Amino acid sequence: MKRIITATVQDRSGVLNRITGMLHKRQFNIDSITVGSSETEGISKMTFVVEISDHQKLEQLTKQLNKQIDVLKVSDITDKAIVARELALIKVGGTGQLRAEIQGIINPFRASVIDVSKDSLTIQVTGKPDKVEALISLLRPYGIKELTKTGVTAFLRGQQPKQVTEINSLSI
Amino acid sequence: MKVEVKREMESTKELRTGSDLLIETLVDAQVDTIFGYPGGAVLPIYDALYRSNAPFKHVLSRHEQGSIHAAEGYARVTGKPGVVLATSGPGATNLITGITDAMMDSLPLVVFTGQVANSVIGTDAFQEADVMGITTPITKYNYQVKNIAELPRIVKEAFHIASTGRPGPVVVDIPKNISAAITLEEYDNEFHLPGYQPTKNPNPLQIIKLAEALGRAKRPVLLAGAGVVFAKASEDLKEFAEKYQLPVANTLLGLGSFPGSHSLSLGMAGMHGTYAANMAIYECDLLINIGARFDDRLTGNIEHFAPHAKVAHIDIDPAEIGKNISTDIPVVADAKEALQALLKSSINMPDHKLWKEKLQHNKANYPLWYERSNEFISPQWLMEQIYRVSNGEAIVTTDVGQHQMWAAQYYQFDKPNRWVTSGGLGTMGFGFPAAIGAQLGAPDELVVSVVGDGGFQMTLQELSIIKERNLPIKVIIVNNEALGMVRQWQESFYEERYSESILANPDFVKLAESYGIRGLKVEREDDVVEILEGVFAYNGPVVVDCRVVQLACVYPMIAPGKGIHEMIGVTK
């Protein structure tokens with residue numbers, strides 16, 4: 001199962017290395033990690049998308065993250081009401097009439113063309129990972145020359161539905 | 001600028017280097033011994049050491065691995081952080097085995113490494129190594145000092161992190177420009193670690209749950225690990241076990257947390273544990289693990305580990321709970337706090353007389369056994385004599401392997417902090433330098449270093465230290481001219497193909513003598529007791545080369561992949 005886990009960390013040198021090292025050492029499969037500054041100076045926010053086999057492994061992951069001295073808070077937000085977004089840049093080959101066709105494809109995704117050259121155009125798309133994936137597969141037949149993604153960043157929505165249970169909370 | 005500095009010097013403020021600051025912080029941390037080795041990047045620190053009249057001693061090893069294992073031995077025996085100082089590059093990388101060993105066995109260490117100057121970090125400078133990168137996965141935490149102003153705070157923080165919660169090694173990497181920097185300032189050393197707040201006190205609800213489970217248990221067993229020793233909770237454990245008449249099995253590193261000679265003690269559990277301890281774990285209906293981490297050498301095949309039991313796990317590190325064995329009653333706490341909370345709860349234990357009788361029966365009918373040889377000394381018998389002649393009161397250090405298992409099996413530790421062994425990492429060459437740290441940490445105690453002929457040759461250069469400081473350590477080489485445990489596995493699982501496991505050894509007596517240390521060789525069982533009596537009474541270091549049966553095997557044993565109930569070699 002895919003889980004989205006966020007961590008608030010002290011912005012000390014080596015913190016990313018320590019965390020990714022731990023994930024590697026303990027054989028967790030990471031789809032993506034994003035890191036950036038948060039609303040508080042000196043505090044960074046990390047978002048992990050991980051592929052996890054079972055709940056015991058998931059519990060281990062959050063505990064091992066929590067154990068890191070620079071980690072202030074860990075949350076598994078997968079089952080909560082969240083906003084999760086990633087950004088992809090896609091360079092597609094295309095001239096003349098093809099361009100119009102591509103424009104037609106990307107419009108419903110609210111993606112935009114941010115660079116054009118004589119034989120290619122670069123598209124920027126933002127959204128949930130499945131939306132980004134859908135656009136990429138639609139563009140694939142046109143020949144994707146280059147593709148880069150930021151990975152998912154996410155946090156909780158301002159309001160949470162009441163019935164959500166915290167599956168990850170430990171009773172200890 | 002220079003003139004200004006001079007003028008300042010003459011005034012009340014004192015001109016100090018980063019190294020002077022470091023030494024002051026060590027004094028503040030009440031360090032009494034540091035283990036180290038000088039080199040280019042730590043010259044300013046060694047110079048400060050020379051100039052200072054700090055009230056601690058520096059112990060010069062002959063290899064950095066000796067320093068760090070000595071610091072581990074010191075930490076194990078005193079419960080205080082062991083302090084190490086080494087230079088950059090090779091000095092730092094020579095510490096890696098010991099740092100990893102301390103990480104695995106949760107030993108508090110504060111390790112200072114020199115580093116090349118900040119201006120050349122990242123240029124592959126002479127004796128540069130990426131100490132932060134290398135030590136990140138093997139430390140509880142690590143620092144590189146970027147600014148002299150941080151130094152006092154970092155050092156204080158390092159001691160705090162190393163010695164609180166689940167102890168562990170902390171590395172502080174100090175670039176030469178920091179240790180050599182000159183300052184007039186006083187720096188704040190207050191720290192705040194919002195992400196590090198170890199839980200000491202148990203959740204009362206979890207204690208109630210555990211008490212309730214105990215109130216229903218018909219076949220309860222306690223498993224006591226090193227967490228009990230770190231928490232100084234041996235007395236509480238004894239009181240708890242006696243109050244409810246609970247049998248106690250120990251892990252390898254937990255030996256001594258409960259008196260080995262106590263009637264409720266089942267001895268060591270695990271791969272080479274006793275039949276009584278392992279079967280108690282297999283058959284119990286409630287297993288209370290206090291401060292152990294369910295290591296694979298303890299559990300064997302986890303499918304068969306305590307299959308009928310409700311498992312309760314008391315650990316200060318929440319990440320250990322549920323890591324290997326699924327746990328019904330997790331209790332995140334310091335072992336002492338948890339035991340005291342349990343002692344305060346009122347529990348109506350159901351009668352478990354039959355269970356106790358069964359365990360006593362196992363203990364009486366399936367004791368540890370071995371075959372005596374007519375020709376050579378039987379190593380197990382040798383351990384029994386060491387135990388007897390030292391009145392069971394020695395501090396014993398070992399490496400890893402057969403001699404380690406025999407020492408664990410036959411030396412009944414009645415008190416904590418007397419058993420110094422490399423458990424998790426299983427490091428050859430650990431025992432002898434660890435004995436140096438142990439003796440310095442407990443100067444009035446008898447320290448016996450039981451080592452194999454293989455392991456001893458990995459770190460024997462530290463004989464220099466015990467000569468230099470006249471440390472009365474007794475080195476007992478259990479010499480079977482083989483890498484015994486490797487040989488045993490080759491015998492059992494590789495059809496006796498002894499690939500590279502038979503050793504040609506030096507003359508250990510002459511070797512000891514060349515260091516100016518008394519050396520003895522003993523080949524006949526008849527001579528053992530007399531020699532041991534003489535050696536233990538002698539006030540000085542001795543190396544004893546004990547020739548033991550080459551083909552002796554450690555039994556009983558849970559073969560790899562087997563369950564805890566499938567022991568082989570339980571009886572003759």
# chains A, B, ... in the order shown; residues from 1 in each chain; ligands from 1
$ closest_atom_pairs --of "chain B" --to "chain A" --cutoff "10 Å" --atoms "only C-alpha atoms" --output "tab-separated table"
residue	atom	partner	partner_atom	distance
B:Met132	CA	A:Gly14	CA	7.8
B:Gly133	CA	A:Asn17	CA	7.8
B:Thr135	CA	A:Arg18	CA	9.7
B:Thr136	CA	A:Arg18	CA	5.9
B:Pro137	CA	A:Gly21	CA	6.5
B:Ile138	CA	A:Met22	CA	9.9
B:Thr139	CA	A:Arg18	CA	9.9
B:Lys140	CA	A:Gln68	CA	8.2
B:Tyr141	CA	A:Ile69	CA	7.3
B:Asn142	CA	A:Gly14	CA	8.9
B:Tyr143	CA	A:Ser13	CA	8.5
B:Gln144	CA	A:Ser13	CA	8.7
B:Ile161	CA	A:Ile69	CA	8.9
B:Leu193	CA	A:Ile69	CA	7.7
B:Pro194	CA	A:Leu72	CA	6.6
B:Gly195	CA	A:Leu72	CA	4.4
B:Tyr196	CA	A:Ile69	CA	5.2
B:Gln197	CA	A:Ile69	CA	8.8
B:Pro198	CA	A:Lys67	CA	9.2
B:Pro202	CA	A:Ile172	CA	8.6
B:Asn203	CA	A:Ile172	CA	6.7
B:Pro204	CA	A:Ile172	CA	9.8
B:Leu205	CA	A:Ile172	CA	8.7
B:Gln206	CA	A:Ile172	CA	7.2
B:Asp317	CA	A:Lys67	CA	8.0
B:Pro318	CA	A:Lys63	CA	6.8
B:Ala319	CA	A:Lys63	CA	5.0
B:Glu320	CA	A:Gln60	CA	8.5
B:Ile321	CA	A:Gln60	CA	8.8
B:Gly322	CA	A:Gln56	CA	7.3
B:Lys323	CA	A:Gln60	CA	6.4
B:Asn324	CA	A:Gln56	CA	9.5
B:Ile325	CA	A:Gln56	CA	9.9
B:Ser326	CA	A:Gln56	CA	8.2
B:Ile329	CA	A:Ile172	CA	8.9
B:Pro330	CA	A:Ile172	CA	6.6
B:Val331	CA	A:Ile172	CA	6.6
B:Val332	CA	A:Ile172	CA	6.8
B:Ala333	CA	A:Ile172	CA	9.9
$ residues_around --residues "Ser449 of chain B" --least-positions-apart "2" --cutoff "8 Å" --atoms "only C-alpha atoms" --output "MDAnalysis selection string"
chainID B and resid 396:398 431:432 435 447 451 473:476
$ write_last_selection --atoms "N, CA and C atoms" --output "PDB file, in the first residue's frame"
ATOM      1  N   VAL B 396      34.086  -9.705  34.017  1.00  0.00           N
ATOM      2  CA  VAL B 396      34.570 -10.576  32.941  1.00  0.00           C
ATOM      3  C   VAL B 396      34.315  -9.904  31.597  1.00  0.00           C
ATOM      4  N   THR B 397      35.347  -9.835  30.776  1.00  0.00           N
ATOM      5  CA  THR B 397      35.157  -9.284  29.433  1.00  0.00           C
ATOM      6  C   THR B 397      35.476 -10.380  28.417  1.00  0.00           C
ATOM      7  N   THR B 398      34.797 -10.352  27.291  1.00  0.00           N
ATOM      8  CA  THR B 398      35.074 -11.353  26.257  1.00  0.00           C
ATOM      9  C   THR B 398      34.994 -10.743  24.862  1.00  0.00           C
ATOM     10  N   GLY B 431      37.269  -7.854  23.637  1.00  0.00           N
ATOM     11  CA  GLY B 431      37.385  -8.179  25.052  1.00  0.00           C
ATOM     12  C   GLY B 431      38.596  -7.615  25.758  1.00  0.00           C
ATOM     13  N   PHE B 432      39.754  -7.690  25.116  1.00  0.00           N
ATOM     14  CA  PHE B 432      40.956  -7.254  25.813  1.00  0.00           C
ATOM     15  C   PHE B 432      40.996  -5.740  26.023  1.00  0.00           C
ATOM     16  N   ALA B 435      38.602  -4.649  28.622  1.00  0.00           N
ATOM     17  CA  ALA B 435      39.048  -4.903  29.997  1.00  0.00           C
ATOM     18  C   ALA B 435      39.853  -3.721  30.541  1.00  0.00           C
ATOM     19  N   VAL B 447      39.530  -7.815  37.264  1.00  0.00           N
ATOM     20  CA  VAL B 447      39.049  -7.845  35.876  1.00  0.00           C
ATOM     21  C   VAL B 447      39.712  -9.011  35.149  1.00  0.00           C
ATOM     22  N   VAL B 451      39.515 -14.304  26.458  1.00  0.00           N
ATOM     23  CA  VAL B 451      39.551 -14.060  25.011  1.00  0.00           C
ATOM     24  C   VAL B 451      39.945 -15.325  24.264  1.00  0.00           C
ATOM     25  N   ILE B 473      45.107  -6.506  35.025  1.00  0.00           N
ATOM     26  CA  ILE B 473      44.144  -7.298  34.248  1.00  0.00           C
ATOM     27  C   ILE B 473      44.683  -8.718  34.042  1.00  0.00           C
ATOM     28  N   LYS B 474      43.802  -9.693  34.187  1.00  0.00           N
ATOM     29  CA  LYS B 474      44.192 -11.083  33.952  1.00  0.00           C
ATOM     30  C   LYS B 474      43.623 -11.516  32.611  1.00  0.00           C
ATOM     31  N   VAL B 475      44.522 -11.717  31.662  1.00  0.00           N
ATOM     32  CA  VAL B 475      44.077 -12.139  30.331  1.00  0.00           C
ATOM     33  C   VAL B 475      44.128 -13.659  30.270  1.00  0.00           C
ATOM     34  N   ILE B 476      42.980 -14.270  30.073  1.00  0.00           N
ATOM     35  CA  ILE B 476      42.938 -15.722  29.951  1.00  0.00           C
ATOM     36  C   ILE B 476      42.666 -16.044  28.482  1.00  0.00           C
TER      37      ILE B 476
END
$ residues_around --residues "segment 47-54 of chain B" --least-positions-apart "3" --cutoff "7 Å" --atoms "only C-alpha atoms" --output "MDAnalysis selection string"
chainID B and resid 19:20 27 43:44
$ select_by_dssp --residues "segment 3-111 of chain B" --states "helix (DSSP H, G or I)" --output "PyMOL selection string"
chain B and resi 3-10+18-28+40-51+64-78+90-93+96-104
$ residues_around --residues "Gln550 of chain B" --least-positions-apart "2" --cutoff "7 Å" --atoms "only C-alpha atoms" --output "list in words"
Asn480, Glu481, Val548 and Ala552 of chain B
$ atom_distance --atom1 "atom CA of Gly94 of chain A" --atom2 "atom CA of Thr122 of chain A"
10.1 Å
$ atom_distance --atom1 "atom CA of Phe109 of chain A" --atom2 "atom CA of Gln124 of chain A"
10.1 Å
$ select_by_dssp --residues "segment 393-484 of chain B" --states "strand (DSSP E)" --output "ChimeraX atom specification"
/B:395-398,419-420,447-452,474-479
$ closest_residue --among "A:Thr6, A:Ser112, A:Gln159, A:Ser120" --to "Thr34 of chain A" --atoms "only C-alpha atoms"
A:Thr6
$ residues_around --residues "segment 456-466 of chain B" --least-positions-apart "2" --cutoff "7 Å" --atoms "only C-alpha atoms" --output "MDAnalysis selection string"
chainID B and resid 61:62 66 429 432:433 451:454 468:471 515 541
$ closest_residue --among "A:Lys91, A:His55, A:Lys131, A:Arg3" --to "Pro108 of chain A" --atoms "only C-alpha atoms"
A:Lys131
$ atom_distance --atom1 "atom CA of Ile502 of chain B" --atom2 "atom CA of Ile377 of chain B"
18.2 Å
$ residues_around --residues "Gly151 of chain A" --least-positions-apart "6" --cutoff "7 Å" --atoms "only C-alpha atoms" --output "mmCIF file with N, CA and C atoms, in the first residue's frame"
data_model
loop_
_atom_site.group_PDB
_atom_site.id
_atom_site.type_symbol
_atom_site.label_atom_id
_atom_site.label_comp_id
_atom_site.auth_asym_id
_atom_site.auth_seq_id
_atom_site.Cartn_x
_atom_site.Cartn_y
_atom_site.Cartn_z
ATOM 1 N N SER A 32 8.842 8.911 -3.249
ATOM 2 C CA SER A 32 9.343 10.280 -3.379
ATOM 3 C C SER A 32 9.541 10.919 -2.016
ATOM 4 N N ILE A 33 10.432 11.864 -1.981
ATOM 5 C CA ILE A 33 10.622 12.690 -0.785
ATOM 6 C C ILE A 33 10.664 14.139 -1.238
ATOM 7 N N THR A 34 9.942 14.988 -0.557
ATOM 8 C CA THR A 34 10.125 16.417 -0.802
ATOM 9 C C THR A 34 10.496 17.080 0.517
ATOM 10 N N GLU A 86 1.761 17.416 -6.708
ATOM 11 C CA GLU A 86 3.130 17.406 -7.230
ATOM 12 C C GLU A 86 3.161 18.172 -8.537
#
